[in-house]
$ cat start35.txt   # compact mmCIF, C-alpha atoms
# COMPACT_ATOMS: atom_id res chain seq x y z
CA MET A 1 20.36 0.58 6.52
CA LYS A 2 21.10 -2.17 4.02
CA ALA A 3 18.53 -4.93 3.53
CA VAL A 4 17.49 -7.65 1.11
CA VAL A 5 13.95 -6.64 0.17
CA ARG A 6 11.26 -8.63 -1.59
CA ARG A 7 9.70 -6.36 -4.20
CA GLY A 8 7.33 -8.31 -6.36
CA PRO A 9 8.67 -11.80 -7.01
CA LYS A 10 12.30 -10.64 -6.79
CA LEU A 11 14.84 -9.93 -4.08
CA GLU A 12 16.68 -6.61 -4.24
CA VAL A 13 19.51 -5.24 -2.13
CA ASP A 14 18.38 -1.84 -0.86
CA LYS A 15 21.20 0.21 0.65
CA ASN A 16 18.82 2.87 1.97
CA PHE A 17 16.05 0.85 3.56
CA GLU A 18 14.42 2.68 6.46
CA LEU A 19 15.97 1.90 9.83
CA PRO A 20 13.25 0.58 12.19
CA GLU A 21 12.54 2.47 15.40
CA PRO A 22 12.01 0.52 18.63
CA GLY A 23 8.74 1.24 20.39
CA PRO A 24 7.94 0.83 24.10
CA GLY A 25 9.43 -2.38 25.47
CA GLN A 26 11.43 -2.98 22.31
CA VAL A 27 15.11 -3.06 21.38
CA ILE A 28 17.03 -2.45 18.20
CA VAL A 29 19.55 -5.15 17.41
CA LYS A 30 22.32 -5.68 14.89
CA THR A 31 21.74 -8.86 12.90
CA LEU A 32 24.73 -11.21 13.10
CA CYS A 33 23.26 -14.03 11.02
CA CYS A 34 19.90 -15.33 9.86
CA GLY A 35 18.93 -18.65 8.31
CA ILE A 36 17.08 -19.06 5.03
CA CYS A 37 13.89 -21.03 5.68
CA GLY A 38 11.91 -23.11 3.21
CA SER A 39 8.92 -20.89 3.94
CA ASP A 40 10.94 -17.93 2.65
CA LEU A 41 11.56 -19.75 -0.64
CA HIS A 42 7.83 -20.30 -1.10
CA ALA A 43 6.86 -16.79 -0.01
CA LEU A 44 9.23 -15.18 -2.51
CA HIS A 45 7.17 -16.33 -5.50
CA HIS A 46 3.77 -16.87 -3.89
CA LEU A 47 3.43 -14.14 -1.26
CA ASP A 48 -0.17 -13.36 -2.26
CA HIS A 49 -1.14 -16.95 -1.47
CA PHE A 50 1.15 -17.08 1.57
CA ALA A 51 -0.44 -13.92 3.02
CA ALA A 52 -3.97 -15.12 2.20
CA ILE A 53 -3.37 -18.42 4.01
CA GLY A 54 -2.01 -16.50 6.98
CA GLN A 55 -5.01 -14.20 7.09
CA ARG A 56 -7.56 -17.01 6.68
CA SER A 57 -5.97 -18.94 9.55
CA GLY A 58 -5.41 -15.84 11.71
CA ALA A 59 -1.64 -16.33 11.78
CA LEU A 60 -0.49 -13.36 9.66
CA ARG A 61 -3.28 -10.86 9.98
CA ASN A 62 -1.42 -7.75 8.82
CA LEU A 63 0.90 -8.97 6.05
CA GLN A 64 0.33 -7.12 2.78
CA ALA A 65 1.82 -8.92 -0.22
CA SER A 66 2.00 -5.75 -2.32
CA HIS A 67 4.32 -3.98 0.15
CA ASP A 68 8.05 -4.32 0.72
CA LEU A 69 9.03 -7.28 2.87
CA VAL A 70 12.33 -8.29 4.49
CA PHE A 71 12.48 -12.01 5.25
CA GLY A 72 14.36 -13.67 8.10
CA HIS A 73 13.05 -15.23 11.33
CA GLU A 74 15.90 -17.59 12.34
CA PHE A 75 18.51 -15.24 13.73
CA CYS A 76 21.16 -14.32 16.25
CA ALA A 77 21.71 -10.63 16.90
CA GLU A 78 23.53 -8.11 19.10
CA ILE A 79 21.74 -5.55 21.26
CA VAL A 80 22.38 -1.98 20.08
CA ASP A 81 19.93 0.21 21.99
CA TYR A 82 16.60 0.28 23.80
CA GLY A 83 13.29 1.94 23.17
CA PRO A 84 11.26 3.64 25.92
CA GLY A 85 10.01 1.71 28.92
CA CYS A 86 12.61 -1.08 28.85
CA SER A 87 14.17 -2.66 31.94
CA LYS A 88 17.57 -2.88 30.18
CA THR A 89 18.51 -6.07 32.01
CA LEU A 90 20.81 -7.07 29.15
CA LYS A 91 23.47 -4.60 28.09
CA PRO A 92 24.28 -3.31 24.61
CA GLY A 93 26.77 -5.61 22.94
CA GLN A 94 25.11 -8.75 24.32
CA ASN A 95 24.35 -11.41 21.71
CA VAL A 96 20.76 -12.66 21.85
CA VAL A 97 18.21 -14.87 20.16
CA SER A 98 14.47 -14.39 20.30
CA MET A 99 11.22 -15.89 19.18
CA PRO A 100 10.43 -13.81 16.06
CA TYR A 101 7.53 -11.75 17.34
CA ALA A 102 7.04 -8.04 17.89
CA VAL A 103 4.05 -5.94 18.90
CA GLY A 104 2.91 -3.31 16.42
CA SER A 105 -0.14 -1.10 16.11
CA GLY A 106 -2.13 -4.06 14.79
CA GLY A 107 -1.07 -6.46 17.54
CA LEU A 108 1.46 -9.28 17.51
CA GLU A 109 3.37 -9.66 14.25
CA VAL A 110 5.92 -12.18 12.98
CA VAL A 111 9.32 -10.61 12.42
CA GLY A 112 10.33 -11.45 8.85
CA TYR A 113 6.72 -11.85 7.72
CA SER A 114 5.66 -8.35 8.62
CA ASN A 115 5.67 -5.13 6.62
CA THR A 116 6.34 -3.27 9.87
CA PHE A 117 9.12 -5.39 11.36
CA PRO A 118 11.88 -6.31 8.91
CA GLY A 119 13.54 -9.65 9.49
CA GLY A 120 17.11 -10.84 9.68
CA PHE A 121 18.00 -10.23 6.03
CA ALA A 122 18.60 -6.64 7.16
CA GLU A 123 21.43 -5.05 9.09
CA TYR A 124 19.13 -4.18 12.01
CA MET A 125 15.87 -5.44 13.51
CA VAL A 126 13.43 -4.46 16.24
CA LEU A 127 12.58 -7.15 18.81
CA GLN A 128 10.61 -7.38 22.04
CA GLU A 129 12.81 -7.02 25.13
CA ASP A 130 10.79 -9.58 27.09
CA LEU A 131 11.48 -12.28 24.49
CA LEU A 132 15.27 -11.89 24.36
CA LEU A 133 17.45 -14.78 25.48
CA PRO A 134 21.15 -14.06 26.07
CA VAL A 135 23.70 -16.07 24.12
CA PRO A 136 26.81 -16.71 26.23
CA GLY A 137 30.15 -15.48 24.97
CA GLY A 138 32.03 -18.08 23.00
CA VAL A 139 28.91 -19.51 21.37
CA ASP A 140 29.07 -19.16 17.59
CA PRO A 141 26.25 -16.86 16.40
CA GLU A 142 25.54 -19.26 13.51
CA ALA A 143 25.02 -22.09 15.99
CA ALA A 144 22.77 -19.87 18.14
CA GLY A 145 20.83 -18.91 15.01
CA LEU A 146 19.68 -22.53 14.77
CA THR A 147 17.58 -22.12 17.92
CA GLU A 148 14.42 -21.34 15.95
CA PRO A 149 14.43 -24.27 13.50
CA LEU A 150 15.52 -26.66 16.26
CA ALA A 151 12.54 -25.48 18.33
CA VAL A 152 10.20 -26.45 15.48
CA GLY A 153 11.48 -30.02 15.65
CA ARG A 154 11.39 -30.07 19.45
CA HIS A 155 7.75 -28.95 19.41
CA ALA A 156 6.78 -31.66 16.91
CA VAL A 157 8.36 -34.34 19.12
CA ASN A 158 6.71 -32.97 22.26
CA MET A 159 3.32 -32.93 20.56
CA ALA A 160 3.75 -36.58 19.49
CA ARG A 161 3.78 -37.71 23.15
CA LEU A 162 5.80 -40.81 22.35
CA THR A 163 5.84 -43.92 24.52
CA LYS A 164 8.34 -46.77 24.82
CA ASN A 165 6.14 -48.86 22.51
CA ASP A 166 6.42 -46.37 19.63
CA VAL A 167 8.71 -46.61 16.61
CA ALA A 168 9.41 -43.29 14.90
CA MET A 169 9.97 -42.60 11.23
CA VAL A 170 11.06 -39.19 9.93
CA ILE A 171 10.20 -38.53 6.29
CA GLY A 172 12.33 -35.68 4.97
CA CYS A 173 15.70 -34.81 6.50
CA GLY A 174 15.82 -31.10 5.80
CA PRO A 175 16.20 -28.67 8.72
CA VAL A 176 12.86 -29.62 10.32
CA GLY A 177 13.33 -33.36 9.88
CA LEU A 178 16.87 -33.22 11.28
CA ALA A 179 15.60 -31.12 14.19
CA VAL A 180 13.01 -33.84 14.88
CA ILE A 181 15.73 -36.51 14.80
CA ALA A 182 17.92 -34.45 17.13
CA ALA A 183 15.04 -34.01 19.61
CA LEU A 184 14.17 -37.72 19.49
CA LYS A 185 17.73 -38.77 20.22
CA GLN A 186 18.15 -36.14 22.95
CA ASP A 187 15.15 -37.79 24.60
CA GLY A 188 16.86 -41.16 24.35
CA PHE A 189 14.25 -42.42 21.91
CA GLY A 190 14.78 -45.25 19.46
CA PRO A 191 14.64 -46.80 17.04
CA VAL A 192 14.37 -43.86 14.64
CA VAL A 193 14.02 -44.45 10.90
CA ALA A 194 15.00 -41.55 8.61
CA SER A 195 14.18 -41.24 4.91
CA ASP A 196 15.40 -38.70 2.35
CA PHE A 197 16.40 -38.65 -1.32
CA SER A 198 19.52 -36.56 -0.59
CA ALA A 199 22.69 -38.44 0.30
CA GLU A 200 23.99 -35.38 2.17
CA ARG A 201 20.87 -35.15 4.30
CA ARG A 202 20.84 -38.88 4.96
CA ALA A 203 24.45 -38.64 6.17
CA ALA A 204 23.50 -35.81 8.54
CA ALA A 205 20.55 -37.85 9.85
CA GLU A 206 22.85 -40.77 10.57
CA MET A 207 25.37 -38.58 12.37
CA LEU A 208 22.57 -37.13 14.49
CA GLY A 209 21.72 -40.64 15.63
CA ALA A 210 19.09 -42.03 13.26
CA ASP A 211 19.18 -45.81 13.69
CA ILE A 212 18.07 -46.72 10.15
CA VAL A 213 18.60 -44.39 7.18
CA ILE A 214 16.79 -45.09 3.91
CA ASP A 215 16.98 -43.77 0.37
CA PRO A 216 13.32 -43.86 -0.76
CA ALA A 217 14.44 -43.91 -4.39
CA ARG A 218 15.75 -47.43 -3.76
CA THR A 219 13.58 -48.84 -0.96
CA SER A 220 10.26 -47.86 0.58
CA PRO A 221 10.87 -46.86 4.19
CA HIS A 222 7.59 -48.56 5.07
CA ALA A 223 9.10 -51.96 4.21
CA ARG A 224 10.90 -51.95 7.56
CA TRP A 225 7.94 -51.81 9.93
CA GLN A 226 7.50 -55.55 10.43
CA SER A 227 11.20 -56.07 11.24
CA LEU A 228 10.85 -53.36 13.89
CA GLY A 229 7.99 -55.15 15.66
CA VAL A 230 5.13 -53.13 14.16
CA ALA A 231 2.18 -55.04 12.72
CA ALA A 232 2.24 -53.88 9.11
CA THR A 233 -1.26 -54.94 7.96
CA LEU A 234 -4.76 -55.18 9.34
CA ALA A 235 -4.52 -58.96 9.11
CA GLU A 236 -1.44 -58.94 11.36
CA VAL A 237 -3.19 -56.65 13.83
CA GLU A 238 -6.20 -58.97 13.91
CA ALA A 239 -3.96 -62.01 14.46
CA MET A 240 -2.17 -60.31 17.35
CA THR A 241 -5.51 -59.27 18.85
CA LEU A 242 -6.77 -62.86 18.76
CA GLN A 243 -3.55 -63.95 20.52
CA GLY A 244 -3.96 -61.26 23.17
CA LYS A 245 -0.75 -59.55 22.12
CA THR A 246 0.02 -55.85 21.72
CA GLY A 247 2.80 -54.84 19.38
CA LYS A 248 4.66 -51.63 18.79
CA HIS A 249 3.04 -48.61 17.18
CA ALA A 250 4.27 -46.47 14.29
CA VAL A 251 4.66 -42.70 14.54
CA VAL A 252 5.51 -40.94 11.27
CA PHE A 253 6.84 -37.37 11.23
CA GLU A 254 6.01 -35.84 7.85
CA CYS A 255 8.64 -33.12 7.38
CA VAL A 256 8.45 -32.41 3.64
CA GLY A 257 5.14 -30.65 2.94
CA VAL A 258 4.40 -31.62 -0.67
CA PRO A 259 1.02 -32.58 -2.14
CA GLY A 260 0.33 -36.30 -2.16
CA LEU A 261 2.64 -37.21 0.70
CA ILE A 262 -0.10 -37.53 3.34
CA GLN A 263 -2.04 -39.85 1.03
CA SER A 264 1.12 -41.89 0.43
CA ILE A 265 1.64 -42.29 4.16
CA ILE A 266 -1.99 -43.27 4.70
CA MET A 267 -1.64 -45.94 2.02
CA ASP A 268 1.72 -47.35 3.09
CA ALA A 269 1.95 -46.87 6.87
CA PRO A 270 0.77 -49.60 9.27
CA PRO A 271 -2.65 -49.55 10.93
CA ALA A 272 -3.00 -47.24 13.94
CA THR A 273 -0.09 -45.06 12.79
CA ARG A 274 0.03 -41.56 14.24
CA VAL A 275 1.14 -39.05 11.61
CA ILE A 276 2.67 -35.81 12.90
CA VAL A 277 2.48 -33.32 10.02
CA ALA A 278 5.27 -30.77 10.44
CA GLY A 279 5.93 -30.16 6.74
CA VAL A 280 4.14 -27.02 5.55
CA CYS A 281 2.29 -27.78 2.32
CA MET A 282 1.16 -24.42 0.93
CA SER A 283 -1.14 -25.79 -1.76
CA GLU A 284 -4.37 -27.74 -1.63
CA ASP A 285 -3.98 -31.47 -1.07
CA THR A 286 -6.24 -34.52 -1.11
CA PHE A 287 -6.34 -37.88 0.60
CA GLU A 288 -8.84 -40.72 1.02
CA PRO A 289 -10.41 -40.55 4.49
CA ALA A 290 -12.02 -44.00 4.20
CA ILE A 291 -8.61 -45.69 3.99
CA ALA A 292 -7.35 -43.70 6.97
CA ILE A 293 -10.54 -44.62 8.84
CA ASN A 294 -10.24 -48.33 8.09
CA LYS A 295 -6.62 -48.28 9.25
CA GLN A 296 -7.43 -46.00 12.22
CA ILE A 297 -4.67 -43.58 11.26
CA SER A 298 -4.42 -40.33 13.22
CA LEU A 299 -3.31 -37.03 11.68
CA GLN A 300 -1.93 -34.28 13.89
CA PHE A 301 -0.79 -30.98 12.42
CA VAL A 302 1.88 -29.00 14.29
CA VAL A 303 3.64 -25.67 13.84
CA GLY A 304 6.01 -23.42 15.77
CA TYR A 305 6.91 -23.86 19.43
CA ASP A 306 6.34 -22.30 22.83
CA ALA A 307 8.73 -20.19 24.90
CA ALA A 308 9.96 -23.13 26.99
CA GLU A 309 10.72 -25.21 23.89
CA PHE A 310 12.57 -22.31 22.30
CA ALA A 311 14.66 -21.74 25.43
CA SER A 312 15.44 -25.45 25.79
CA CYS A 313 16.87 -25.54 22.26
CA LEU A 314 19.18 -22.63 23.01
CA THR A 315 20.31 -24.51 26.13
CA SER A 316 21.04 -27.63 24.09
CA ILE A 317 23.19 -25.54 21.72
CA VAL A 318 25.05 -23.77 24.53
CA GLU A 319 25.73 -27.04 26.36
CA GLY A 320 26.92 -28.78 23.21
CA GLN A 321 24.24 -31.46 23.30
CA LEU A 322 24.22 -31.73 19.50
CA ASP A 323 26.61 -31.04 16.64
CA THR A 324 25.24 -27.84 15.15
CA GLY A 325 27.79 -28.07 12.36
CA LEU A 326 25.70 -30.86 10.82
CA PHE A 327 22.97 -28.31 10.09
CA LEU A 328 25.14 -25.53 8.68
CA SER A 329 25.81 -25.69 4.94
CA GLY A 330 27.47 -22.29 4.55
CA SER A 331 26.91 -18.55 4.74
CA VAL A 332 26.37 -15.74 2.25
CA GLY A 333 26.38 -11.96 2.23
CA MET A 334 23.41 -9.85 1.15
CA ASP A 335 24.56 -9.60 -2.46
CA GLU A 336 24.42 -13.39 -2.76
CA VAL A 337 20.98 -13.95 -1.25
CA SER A 338 18.95 -13.81 -4.47
CA ALA A 339 21.21 -16.31 -6.25
CA THR A 340 21.22 -18.54 -3.17
CA PHE A 341 17.42 -18.66 -3.16
CA GLY A 342 17.54 -19.87 -6.75
CA ARG A 343 20.12 -22.52 -5.92
CA LEU A 344 18.13 -23.81 -2.94
CA GLU A 345 14.99 -24.05 -5.05
CA ASN A 346 16.76 -26.18 -7.66
CA GLU A 347 19.30 -28.06 -5.51
CA PRO A 348 17.67 -28.70 -2.13
CA SER A 349 20.47 -30.89 -0.72
CA SER A 350 21.81 -28.03 1.42
CA ILE A 351 20.46 -27.93 4.96
CA LYS A 352 20.81 -24.42 6.42
CA ILE A 353 22.38 -21.43 4.72
CA MET A 354 23.01 -18.43 6.93
CA VAL A 355 22.78 -14.85 5.68
CA LYS A 356 25.30 -12.49 7.25
CA PRO A 357 24.09 -8.92 6.61
CA HIS A 358 27.38 -7.33 7.66
CA GLN A 359 29.60 -9.72 5.68
$ encode --input "start35.txt" --output "C-alpha cells"
Amino acid sequence: MKAVVRRGPKLEVDKNFELPEPGPGQVIVKTLCCGICGSDLHALHHLDHFAAIGQRSGALRNLQASHDLVFGHEFCAEIVDYGPGCSKTLKPGQNVVSMPYAVGSGGLEVVGYSNTFPGGFAEYMVLQEDLLLPVPGGVDPEAAGLTEPLAVGRHAVNMARLTKNDVAMVIGCGPVGLAVIAALKQDGFGPVVASDFSAERRAAAEMLGADIVIDPARTSPHARWQSLGVAATLAEVEAMTLQGKTGKHAVVFECVGVPGLIQSIIMDAPPATRVIVAGVCMSEDTFEPAIAINKQISLQFVVGYDAAEFASCLTSIVEGQLDTGLFLSGSVGMDEVSATFGRLENEPSSIKIMVKPHQ
C-alpha cells in the first residue's frame, strides 16, 4: 500500500509499504482522511525524545524511534474486512471513527505512534473492532475525522469541573483550544475569554462562541479579570474576605504547550486560579512554586479522553451541534504531506489540515 513514512527526520512517500494484517478482534479499514496533529510536527524532528518521554511515562512503551513510522491518529475510515474472531456487527463499506488504539504482541499501542500499527497517513489501517463507532451516511468524513481532537477539548473541560462562579480563559486557539471553547459553549458556559496571536484563529474562536477575544500582542488577556468580577490581586481578595464576600474564580486553559507559558500564567493570573494544562510542552520547563503557593494557584495536567467523551464528540458532529467547517483549513494528498508539515511549522495560523491518502 501507499503511505507517508517517517524515515529519520524526513517524510517519504512509500508506494510499497507493507499492508497491515488484522489480528483477532481487529478490522482492516480504508483511510478516508486523517488530521495532522501538532504532536506529529514535533515527533517528525524529535522522535527520539518523543519516544523517550512516552517510555518514561508509560504511554508509548513500544515505540522505536529508529524504525519506520506512519503518523496519523485523527481519522475517519471505511471498513474493508475483518480479522478472526470478530462479531462483524458493522458491515464492510461502513464509515467509522475510533479511538486510536490497537492491541499488539506488546499490549495496547497507539495507532500512528506505533511501529506495528501504521496511522492514517496510509491507505489502510488496522483497528480494534470493539472501539469502532459508525458514522452515519451523509456525514462528511472530514467532519467525522475531527472527533479525536474535539474529544481532547471535551476531556479538558470535563476535568476542570467548572461551576457557575468560574470565568474561563483559553490561551491558544489552535485545534485543542478551539475544541475547549466548543465544549464550554456546548455546556452553556460563559463568559469565555479566548487569546491567540493569529487573527484567523481568533475569528474561529469568536464564531464558536467565545465572549471576549484578545490579541495578546496588543493587550494582556489577564487585564480583563477585574471587569469580569474576578479579584485580580491578593489585596483585592483580602478586602473581599474582610467584607464577607466571595467573588468569581478564574480557570485558565493552557492550550499552547511552550516553555515559559506556565510561569507567565502563574505571574499574571489572579489568586486561586485553576490552570488546566492541555498544551503538550515536549521540553523541560521551569516555574517559581513560591509564587504559585502564595497565590494558591492550582495546576492540573490533562491528556486524551475516555470512550464516553469520544462518543459524545461524534454525536455532537452528527447532530450538527457545532460548525466543523471552522476547524477545517484544507486537505492534501500524500505527495503534499511533507511540504505541508513545513508550512505548518512556519505558519501556524491554519487550524486542521486533513490528509486524504486516496486523493
$ closest_residue --input "start35.txt" --among "A:Val167, A:Leu326, A:Ala269, A:Leu299" --to "Met207 (chain A)" --atoms "all atoms listed in the file"
A:Leu326
$ atom_distance --input "start35.txt" --atom1 "CA of Gly120 (chain A)" --atom2 "CA of Cys34 (chain A)"
5.3 Å
$ closest_residue --input "start35.txt" --among "A:His358, A:Lys15, A:His155, A:His67" --to "Ser331 (chain A)" --atoms "only C-alpha atoms"
A:His358
$ closest_residue --input "start35.txt" --among "A:Val302, A:Ala292, A:Val135, A:Ala272" --to "Ala232 (chain A)" --atoms "all atoms listed in the file"
A:Ala272
$ atom_distance --input "start35.txt" --atom1 "CA of Cys313 (chain A)" --atom2 "CA of Arg154 (chain A)"
7.6 Å
$ residues_around --input "start35.txt" --residues "Lys248 (chain A)" --least-positions-apart "2" --cutoff "8 Å" --atoms "only C-alpha atoms" --output "MDAnalysis selection string"
chainID A and resid 165:167 229:231 246 250
$ residues_around --input "start35.txt" --residues "region 346-350 of chain A" --least-positions-apart "3" --cutoff "10 Å" --atoms "only C-alpha atoms" --output "JSON, numbers by chain"
{"A": [38, 173, 174, 175, 196, 197, 198, 199, 200, 201, 202, 327, 328, 329, 330, 340, 341, 342, 343, 353]}
$ closest_residue --input "start35.txt" --among "A:Gly188, A:Pro92, A:Gly85, A:Pro9" --to "Val29 (chain A)" --atoms "only C-alpha atoms"
A:Pro92
$ residues_around --input "start35.txt" --residues "region 185-187 of chain A" --least-positions-apart "4" --cutoff "9 Å" --atoms "all atoms listed in the file" --output "mmCIF file with C-alpha atoms, in the coordinates of the input"
data_model
loop_
_atom_site.group_PDB
_atom_site.id
_atom_site.type_symbol
_atom_site.label_atom_id
_atom_site.label_comp_id
_atom_site.auth_asym_id
_atom_site.auth_seq_id
_atom_site.Cartn_x
_atom_site.Cartn_y
_atom_site.Cartn_z
ATOM 1 C CA VAL A 180 13.010 -33.840 14.880
ATOM 2 C CA ILE A 181 15.730 -36.510 14.800
ATOM 3 C CA VAL A 192 14.370 -43.860 14.640
ATOM 4 C CA LEU A 208 22.570 -37.130 14.490
ATOM 5 C CA GLY A 209 21.720 -40.640 15.630
ATOM 6 C CA ALA A 210 19.090 -42.030 13.260
ATOM 7 C CA GLN A 321 24.240 -31.460 23.300
ATOM 8 C CA LEU A 322 24.220 -31.730 19.500
#
$ atom_distance --input "start35.txt" --atom1 "CA of Val176 (chain A)" --atom2 "CA of Gly320 (chain A)"
19.1 Å
$ closest_residue --input "start35.txt" --among "A:Phe301, A:Pro357, A:Asp14, A:His222" --to "Pro270 (chain A)" --atoms "all atoms listed in the file"
A:His222
$ build_atoms --input "start35.txt" --residues "region 155-170 of chain A" --atoms "N, CA and C atoms" --output "compact mmCIF listing (two decimals), keeping the file's coordinate frame"
# COMPACT_ATOMS: atom_id res chain seq x y z
N HIS A 155 9.19 -29.05 19.19
CA HIS A 155 7.75 -28.95 19.41
C HIS A 155 7.02 -30.14 18.78
N ALA A 156 7.43 -30.53 17.57
CA ALA A 156 6.78 -31.66 16.91
C ALA A 156 6.94 -32.93 17.74
N VAL A 157 8.13 -33.15 18.29
CA VAL A 157 8.36 -34.34 19.12
C VAL A 157 7.54 -34.26 20.41
N ASN A 158 7.51 -33.10 21.03
CA ASN A 158 6.71 -32.97 22.26
C ASN A 158 5.23 -33.24 22.00
N MET A 159 4.73 -32.75 20.88
CA MET A 159 3.32 -32.93 20.56
C MET A 159 2.99 -34.38 20.24
N ALA A 160 3.99 -35.16 19.82
CA ALA A 160 3.75 -36.58 19.49
C ALA A 160 3.50 -37.43 20.72
N ARG A 161 3.98 -36.99 21.88
CA ARG A 161 3.78 -37.71 23.15
C ARG A 161 4.11 -39.21 23.00
N LEU A 162 5.35 -39.45 22.63
CA LEU A 162 5.80 -40.81 22.35
C LEU A 162 5.88 -41.66 23.61
N THR A 163 5.69 -42.96 23.44
CA THR A 163 5.84 -43.92 24.52
C THR A 163 6.93 -44.92 24.15
N LYS A 164 7.29 -45.78 25.07
CA LYS A 164 8.34 -46.77 24.82
C LYS A 164 7.92 -47.81 23.79
N ASN A 165 6.62 -47.90 23.50
CA ASN A 165 6.14 -48.86 22.51
C ASN A 165 6.04 -48.27 21.11
N ASP A 166 6.50 -47.03 20.93
CA ASP A 166 6.42 -46.37 19.63
C ASP A 166 7.71 -46.54 18.84
N VAL A 167 7.58 -46.63 17.53
CA VAL A 167 8.71 -46.61 16.61
C VAL A 167 8.52 -45.40 15.71
N ALA A 168 9.53 -44.56 15.63
CA ALA A 168 9.41 -43.29 14.90
C ALA A 168 10.07 -43.37 13.53
N MET A 169 9.40 -42.78 12.57
CA MET A 169 9.97 -42.60 11.23
C MET A 169 9.89 -41.13 10.87
N VAL A 170 11.00 -40.58 10.35
CA VAL A 170 11.06 -39.19 9.93
C VAL A 170 11.19 -39.16 8.42
